>>> print(open('protein03.csv').read())   # CSV, C-alpha atoms
chain,number,residue,atom,x,y,z
B,389,ASP,CA,-5.7,9.1,-18.2
B,390,ASN,CA,-2.1,9.7,-19.3
B,391,THR,CA,-1.0,13.3,-19.2
B,392,THR,CA,2.0,15.3,-20.5
B,393,ALA,CA,4.6,17.2,-18.5
B,394,VAL,CA,6.2,20.1,-20.3
B,395,PHE,CA,9.7,21.4,-19.6
B,396,THR,CA,10.7,24.8,-21.0
B,397,VAL,CA,14.3,25.4,-22.1
B,398,THR,CA,15.2,29.1,-22.0
B,399,LEU,CA,18.0,31.2,-23.4
B,400,SER,CA,19.3,34.1,-21.4
B,401,ALA,CA,19.0,36.2,-24.5
B,402,ALA,CA,18.1,35.7,-28.1
B,403,SER,CA,20.8,34.5,-30.4
B,404,GLY,CA,21.5,35.2,-34.1
B,405,GLN,CA,22.1,31.5,-34.6
B,406,ASP,CA,20.1,28.4,-34.1
B,407,VAL,CA,20.9,26.9,-30.7
B,408,THR,CA,20.7,23.1,-30.1
B,409,VAL,CA,21.0,21.1,-27.0
B,410,ASN,CA,20.7,17.4,-26.3
B,411,TYR,CA,18.4,16.1,-23.5
B,412,ALA,CA,17.7,12.8,-21.7
B,413,SER,CA,15.4,11.8,-18.9
B,414,SER,CA,16.5,9.7,-15.9
B,415,ASP,CA,14.7,8.0,-13.0
B,416,VAL,CA,15.0,9.3,-9.5
B,417,THR,CA,12.1,7.6,-7.6
B,418,ALA,CA,9.9,7.3,-10.7
B,419,SER,CA,10.3,4.4,-13.0
B,420,ALA,CA,10.4,4.9,-16.8
B,421,GLY,CA,7.9,2.7,-18.5
B,422,SER,CA,5.5,2.5,-15.6
B,423,ASP,CA,5.4,6.1,-14.3
B,424,TYR,CA,6.5,8.0,-17.4
B,425,THR,CA,7.9,7.5,-20.9
B,426,SER,CA,11.6,8.0,-21.1
B,427,SER,CA,12.7,10.6,-23.5
B,428,THR,CA,16.0,11.5,-25.3
B,429,GLY,CA,16.7,13.8,-28.2
B,430,THR,CA,17.8,17.2,-29.4
B,431,VAL,CA,15.9,20.5,-29.1
B,432,THR,CA,16.4,23.4,-31.3
B,433,ILE,CA,15.8,27.1,-30.4
B,434,LEU,CA,15.6,29.0,-33.7
B,435,ALA,CA,17.6,32.2,-34.2
B,436,GLY,CA,15.8,35.1,-32.6
B,437,ASN,CA,13.8,33.0,-30.2
B,438,THR,CA,14.5,32.4,-26.5
B,439,THR,CA,12.4,29.3,-25.6
B,440,GLN,CA,11.6,25.8,-26.7
B,441,THR,CA,9.6,23.0,-24.9
B,442,ILE,CA,10.2,19.3,-24.3
B,443,SER,CA,7.2,17.1,-23.5
B,444,ILE,CA,7.3,13.9,-21.4
B,445,ALA,CA,4.3,11.5,-21.2
B,446,VAL,CA,3.2,10.7,-17.7
B,447,LEU,CA,1.6,7.3,-17.4
B,448,GLU,CA,-1.6,6.8,-15.3
B,449,ASP,CA,-1.8,4.0,-12.8
B,450,ALA,CA,-4.2,2.9,-10.1
B,451,LEU,CA,-1.7,2.5,-7.2
B,452,ASN,CA,-1.8,4.8,-4.2
B,453,GLU,CA,1.8,5.8,-3.8
B,454,ILE,CA,4.1,8.7,-2.7
B,455,ASN,CA,4.9,11.5,-5.1
B,456,GLU,CA,7.7,10.4,-7.4
B,457,THR,CA,10.4,12.3,-9.4
B,458,ALA,CA,12.5,12.0,-12.6
B,459,THR,CA,14.9,14.4,-14.1
B,460,LEU,CA,15.6,15.9,-17.6
B,461,THR,CA,19.2,16.8,-18.2
B,462,LEU,CA,20.6,19.0,-20.9
B,463,SER,CA,24.0,18.4,-22.5
B,464,SER,CA,26.2,19.1,-25.6
B,465,PRO,CA,24.9,22.6,-26.5
B,466,THR,CA,25.8,24.3,-29.8
B,467,ASN,CA,26.0,28.2,-29.9
B,468,ALA,CA,25.2,28.4,-26.2
B,469,THR,CA,26.4,27.4,-22.8
B,470,ILE,CA,24.4,25.7,-20.0
B,471,SER,CA,23.8,27.5,-16.7
B,472,ASP,CA,21.2,25.0,-15.3
B,473,ALA,CA,21.4,21.6,-16.8
B,474,THR,CA,18.7,19.7,-14.8
B,475,GLY,CA,15.0,20.0,-14.5
B,476,THR,CA,13.0,17.9,-12.1
B,477,LEU,CA,9.7,16.3,-12.9
B,478,THR,CA,7.5,15.6,-9.8
B,479,ILE,CA,4.6,13.2,-10.5
B,480,VAL,CA,1.9,13.9,-7.9
B,481,ASP,CA,-0.2,10.9,-7.0
B,482,ASP,CA,-4.0,11.3,-7.3
B,483,ASP,CA,-5.1,7.8,-6.4
B,484,THR,CA,-7.4,7.2,-3.4
B,485,ALA,CA,-5.9,5.2,-0.5
B,486,PRO,CA,-7.3,1.6,-0.3
B,487,SER,CA,-9.5,0.4,2.5
B,488,LEU,CA,-8.9,-2.4,5.0
B,489,SER,CA,-11.4,-5.1,6.2
B,490,ILE,CA,-11.1,-8.1,8.4
B,491,ASN,CA,-13.1,-11.3,8.2
B,492,ASP,CA,-15.0,-13.4,10.9
B,493,VAL,CA,-13.5,-16.7,11.9
B,494,SER,CA,-15.1,-19.9,13.4
B,495,TYR,CA,-12.8,-22.3,15.2
B,496,THR,CA,-13.8,-25.7,16.5
B,497,GLU,CA,-11.9,-26.8,19.5
B,498,SER,CA,-9.5,-29.7,18.8
B,499,GLY,CA,-8.8,-30.9,22.3
B,500,THR,CA,-5.1,-29.9,21.9
B,501,GLY,CA,-5.6,-26.2,21.0
B,502,GLY,CA,-4.4,-24.6,17.8
B,503,ASN,CA,-4.6,-21.3,15.8
B,504,ALA,CA,-7.5,-19.3,14.5
B,505,THR,CA,-6.4,-17.2,11.5
B,506,PHE,CA,-7.9,-13.8,10.6
B,507,THR,CA,-7.4,-12.4,7.1
B,508,VAL,CA,-7.0,-8.6,6.7
B,509,THR,CA,-7.8,-7.6,3.1
B,510,LEU,CA,-7.0,-4.4,1.1
B,511,SER,CA,-9.7,-3.2,-1.3
B,512,GLU,CA,-6.9,-3.0,-3.9
B,513,ALA,CA,-3.1,-3.2,-4.0
B,514,SER,CA,-1.1,-0.1,-2.8
B,515,GLY,CA,2.2,1.2,-4.1
B,516,GLN,CA,3.2,1.7,-0.4
B,517,ASP,CA,3.5,-0.6,2.6
B,518,VAL,CA,0.2,-0.5,4.6
B,519,THR,CA,0.3,-1.0,8.4
B,520,VAL,CA,-2.6,-1.4,10.9
B,521,ASP,CA,-2.7,-2.0,14.6
B,522,TYR,CA,-4.9,-4.8,16.0
B,523,ALA,CA,-6.0,-6.0,19.5
B,524,SER,CA,-8.2,-8.8,20.7
B,525,SER,CA,-11.1,-8.4,23.2
B,526,ASP,CA,-13.3,-10.7,25.2
B,527,VAL,CA,-17.0,-10.9,24.4
B,528,SER,CA,-18.2,-14.2,26.0
B,529,THR,CA,-14.7,-15.8,26.0
B,530,THR,CA,-12.0,-15.3,28.6
B,531,ALA,CA,-8.5,-14.5,27.5
B,532,GLY,CA,-6.0,-16.8,29.2
B,533,SER,CA,-8.4,-19.7,29.5
B,534,ASP,CA,-10.2,-19.8,26.1
B,535,TYR,CA,-7.6,-18.1,23.9
B,536,THR,CA,-4.4,-16.0,24.2
B,537,ALA,CA,-4.9,-12.3,24.0
B,538,ILE,CA,-2.9,-10.5,21.3
B,539,ALA,CA,-2.1,-7.0,20.2
B,540,GLY,CA,0.4,-5.7,17.6
B,541,THR,CA,0.9,-4.2,14.1
B,542,LEU,CA,0.3,-5.9,10.8
B,543,THR,CA,2.2,-4.9,7.7
B,544,ILE,CA,0.9,-5.5,4.2
B,545,LEU,CA,3.7,-5.0,1.8
B,546,ALA,CA,3.4,-2.8,-1.3
B,547,GLY,CA,1.7,-4.7,-4.1
B,548,ALA,CA,0.1,-7.3,-1.8
B,549,THR,CA,-3.6,-7.3,-0.8
B,550,THR,CA,-3.8,-9.5,2.2
B,551,GLY,CA,-2.2,-10.2,5.6
B,552,THR,CA,-3.0,-12.7,8.3
B,553,ILE,CA,-3.2,-12.6,12.1
B,554,ASP,CA,-3.2,-15.8,14.2
B,555,ILE,CA,-4.8,-16.2,17.6
B,556,SER,CA,-3.9,-19.2,19.8
B,557,ILE,CA,-6.9,-21.2,21.0
B,558,LEU,CA,-6.5,-22.9,24.3
B,559,ALA,CA,-7.8,-26.5,24.8
B,560,ASP,CA,-10.2,-27.4,27.7
B,561,SER,CA,-12.4,-30.4,28.5
B,562,ILE,CA,-15.4,-28.4,29.7
B,563,ASP,CA,-18.7,-28.8,27.8
B,564,GLU,CA,-19.9,-25.3,27.2
B,565,ALA,CA,-21.7,-23.1,24.7
B,566,SER,CA,-19.8,-21.5,21.8
B,567,GLU,CA,-18.0,-18.4,22.8
B,568,THR,CA,-16.8,-15.3,21.0
B,569,ALA,CA,-14.0,-12.7,21.0
B,570,THR,CA,-13.2,-9.9,18.7
B,571,LEU,CA,-10.1,-8.7,16.8
B,572,THR,CA,-10.2,-4.9,16.2
B,573,LEU,CA,-8.2,-2.9,13.7
B,574,SER,CA,-7.1,0.7,14.3
B,575,SER,CA,-4.6,3.4,13.4
B,576,PRO,CA,-3.9,2.5,9.7
B,577,THR,CA,-1.1,4.1,7.6
B,578,ASN,CA,-1.5,4.5,3.9
B,579,ALA,CA,-5.1,3.1,4.0
B,580,THR,CA,-8.5,3.6,5.6
B,581,ILE,CA,-10.6,1.0,7.4
B,582,SER,CA,-14.0,-0.1,6.1
B,583,ASP,CA,-14.6,-3.0,8.4
B,584,ALA,CA,-12.7,-2.7,11.7
B,585,THR,CA,-13.9,-5.8,13.7
B,586,GLY,CA,-13.6,-9.5,13.1
B,587,THR,CA,-15.5,-11.9,15.3
B,588,LEU,CA,-13.9,-15.2,16.5
B,589,THR,CA,-16.4,-17.9,17.4
B,590,ILE,CA,-14.9,-20.8,19.4
B,591,VAL,CA,-17.1,-23.9,18.8
B,592,ASP,CA,-17.0,-26.3,21.7
B,593,ASP,CA,-16.2,-30.0,20.9
B,594,ASP,CA,-16.4,-31.5,24.4
B,595,ALA,CA,-18.9,-34.3,25.1
B,596,THR,CA,-22.0,-33.5,27.0
B,597,PRO,CA,-21.8,-35.0,30.4
B,598,THR,CA,-24.1,-37.9,31.4
B,599,LEU,CA,-26.3,-38.2,34.4
B,600,SER,CA,-26.8,-41.4,36.4
B,601,VAL,CA,-28.5,-42.3,39.7
B,602,LEU,CA,-27.1,-44.8,42.2
B,603,ASP,CA,-29.3,-47.7,43.3
>>> encode(input="protein03.csv", output="structure tokens")
Amino acid sequence: DNTTAVFTVTLSAASGQDVTVNYASSDVTASAGSDYTSSTGTVTILAGNTTQTISIAVLEDALNEINETATLTLSSPTNATISDATGTLTIVDDDTAPSLSINDVSYTESGTGGNATFTVTLSEASGQDVTVDYASSDVSTTAGSDYTAIAGTLTILAGATTGTIDISILADSIDEASETATLTLSSPTNATISDATGTLTIVDDDATPTLSVLD
């Protein structure tokens, strides 16, 4: 739900006159309209009082993001001077980090090789870039003869929900059973992992050899 941030404007001592001062909000890393509601106006501290408040609406979102800031700046006072013109609003993020998962892939040999493509998916978009390491491993395949081993880091940019990783499949002419390898995710930043392992199944397309007997 939306909440309200309250700034307090304070006089060093009570005055016998009403004191007024203009105020205006400004973005720093927060964005008016999506993180908070911009605010401008004039606040009045009545004679004999020493404080008055200014409220700014903070807007709720579902993006996991870093803490963000905006400022409220005082100007043009009447019947007072300004000793500290700027207050900082820090919006502390309370959204849960999204989770990463990877799919399984089946690739049918083409005789010339090609790429098998894994898709890594976030459970929801993040307000921050998400990174995750990956590495392939043999199960019944052999890296170097069935596919090219890979390892690296995938980045899913802020606002996006998917990224892809390609594995090169190597052609051969041997009739054999379908074989498998895995691609494993690890060490995420700005996310967790709900499904770390994708299975690659390489389906053989080579003709079964024939038998013959000589006369």
>>> closest_atom_pairs(input="protein03.csv", of="stretch 441-463 of chain B", to="stretch 419-431 of chain B", cutoff="7 Å", atoms="only C-alpha atoms", output="CSV")
residue,atom,partner,partner_atom,distance
B:Ile444,CA,B:Thr425,CA,6.4
B:Ala445,CA,B:Thr425,CA,5.4
B:Val446,CA,B:Tyr424,CA,4.3
B:Leu447,CA,B:Tyr424,CA,4.9
>>> closest_residue(input="protein03.csv", among="B:Ala523, B:Leu488, B:Val508, B:Val601", to="B:Thr552", atoms="all atoms listed in the file")
B:Val508
>>> atom_distance(input="protein03.csv", atom1="atom CA of B:Val591", atom2="atom CA of B:Thr543")
29.3 Å
>>> atom_distance(input="protein03.csv", atom1="atom CA of B:Ala473", atom2="atom CA of B:Thr459")
10.1 Å
>>> atom_distance(input="protein03.csv", atom1="atom CA of B:Leu434", atom2="atom CA of B:Thr408")
8.6 Å
>>> residues_around(input="protein03.csv", residues="stretch 396-404 of chain B", least_positions_apart="3", cutoff="8 Å", atoms="only C-alpha atoms", output="JSON, numbers by chain")
{"B": [407, 435, 436, 437, 438, 439, 440, 441, 442]}
>>> closest_residue(input="protein03.csv", among="B:Thr474, B:Thr519, B:Ser574, B:Thr417", to="B:Phe395", atoms="only C-alpha atoms")
B:Thr474
>>> closest_residue(input="protein03.csv", among="B:Ile433, B:Ile479, B:Ala458, B:Val409", to="B:Asn390", atoms="all atoms listed in the file")
B:Ile479
>>> residues_around(input="protein03.csv", residues="B:Pro576", least_positions_apart="6", cutoff="10 Å", atoms="only C-alpha atoms", output="PyMOL selection string")
chain B and resi 487-488+518-522+541-543
>>> closest_residue(input="protein03.csv", among="B:Leu545, B:Val527, B:Tyr535, B:Thr550", to="B:Thr570", atoms="only C-alpha atoms")
B:Val527
>>> residues_around(input="protein03.csv", residues="B:Asn491", least_positions_apart="6", cutoff="7 Å", atoms="all atoms listed in the file", output="ChimeraX atom specification")
/B:506-508,586
>>> residues_around(input="protein03.csv", residues="B:Thr530", least_positions_apart="4", cutoff="10 Å", atoms="only C-alpha atoms", output="number ranges by chain")
B: 525-526, 534-537, 567-569
>>> closest_residue(input="protein03.csv", among="B:Asp406, B:Asp492, B:Asp449, B:Asp517", to="B:Ala548", atoms="only C-alpha atoms")
B:Asp517
>>> closest_residue(input="protein03.csv", among="B:Asn455, B:Thr589, B:Ser533, B:Thr478", to="B:Gly515", atoms="all atoms listed in the file")
B:Asn455
>>> residues_around(input="protein03.csv", residues="B:Asn503", least_positions_apart="4", cutoff="8 Å", atoms="all atoms listed in the file", output="list in words")
Asp554, Ile555, Ser556 and Ile557 of chain B
>>> build_atoms(input="protein03.csv", residues="stretch 426-451 of chain B", atoms="N, CA and C atoms", output="short mmCIF file (atom, residue, chain, number, x, y, z; two decimals), in the frame of the given file")
data_model
loop_
_atom_site.label_atom_id
_atom_site.label_comp_id
_atom_site.auth_asym_id
_atom_site.auth_seq_id
_atom_site.Cartn_x
_atom_site.Cartn_y
_atom_site.Cartn_z
N SER B 426 10.30 7.39 -20.99
CA SER B 426 11.60 8.00 -21.10
C SER B 426 11.78 8.74 -22.40
N SER B 427 12.63 9.75 -22.38
CA SER B 427 12.70 10.60 -23.50
C SER B 427 14.19 11.07 -23.72
N THR B 428 14.69 10.98 -24.93
CA THR B 428 16.00 11.50 -25.30
C THR B 428 15.87 12.21 -26.66
N GLY B 429 16.73 13.17 -26.92
CA GLY B 429 16.70 13.80 -28.20
C GLY B 429 17.46 15.11 -28.23
N THR B 430 17.17 15.93 -29.22
CA THR B 430 17.80 17.20 -29.40
C THR B 430 16.73 18.28 -29.61
N VAL B 431 16.80 19.37 -28.87
CA VAL B 431 15.90 20.50 -29.10
C VAL B 431 16.58 21.62 -29.72
N THR B 432 15.86 22.31 -30.60
CA THR B 432 16.40 23.40 -31.30
C THR B 432 15.65 24.71 -31.01
N ILE B 433 16.39 25.75 -30.60
CA ILE B 433 15.80 27.10 -30.40
C ILE B 433 16.24 27.91 -31.62
N LEU B 434 15.29 28.28 -32.46
CA LEU B 434 15.60 29.00 -33.70
C LEU B 434 16.18 30.37 -33.41
N ALA B 435 17.03 30.85 -34.30
CA ALA B 435 17.60 32.20 -34.20
C ALA B 435 16.53 33.22 -33.92
N GLY B 436 16.78 34.08 -32.94
CA GLY B 436 15.80 35.10 -32.60
C GLY B 436 14.83 34.73 -31.53
N ASN B 437 14.70 33.44 -31.25
CA ASN B 437 13.80 33.00 -30.20
C ASN B 437 14.55 32.73 -28.90
N THR B 438 13.80 32.60 -27.82
CA THR B 438 14.50 32.40 -26.50
C THR B 438 13.96 31.15 -25.78
N THR B 439 12.95 30.47 -26.27
CA THR B 439 12.40 29.30 -25.60
C THR B 439 12.07 28.18 -26.54
N GLN B 440 12.09 26.96 -25.98
CA GLN B 440 11.60 25.80 -26.70
C GLN B 440 11.11 24.80 -25.60
N THR B 441 10.14 23.95 -25.91
CA THR B 441 9.60 23.00 -24.90
C THR B 441 9.96 21.58 -25.25
N ILE B 442 9.98 20.78 -24.19
CA ILE B 442 10.20 19.30 -24.30
C ILE B 442 9.06 18.67 -23.51
N SER B 443 8.34 17.76 -24.14
CA SER B 443 7.20 17.10 -23.50
C SER B 443 7.57 15.67 -23.09
N ILE B 444 7.13 15.27 -21.90
CA ILE B 444 7.30 13.90 -21.40
C ILE B 444 5.92 13.36 -21.05
N ALA B 445 5.60 12.17 -21.54
CA ALA B 445 4.30 11.50 -21.20
C ALA B 445 4.35 10.95 -19.83
N VAL B 446 3.37 11.30 -19.01
CA VAL B 446 3.20 10.70 -17.70
C VAL B 446 2.13 9.68 -17.74
N LEU B 447 2.45 8.48 -17.25
CA LEU B 447 1.60 7.30 -17.40
C LEU B 447 0.67 7.17 -16.18
N GLU B 448 -0.61 6.93 -16.41
CA GLU B 448 -1.60 6.80 -15.30
C GLU B 448 -1.49 5.36 -14.74
N ASP B 449 -1.65 5.26 -13.43
CA ASP B 449 -1.80 4.00 -12.80
C ASP B 449 -2.85 4.07 -11.69
N ALA B 450 -3.19 2.92 -11.09
CA ALA B 450 -4.20 2.90 -10.10
C ALA B 450 -3.66 2.69 -8.67
N LEU B 451 -2.34 2.76 -8.53
CA LEU B 451 -1.70 2.50 -7.20
C LEU B 451 -1.65 3.79 -6.41
#
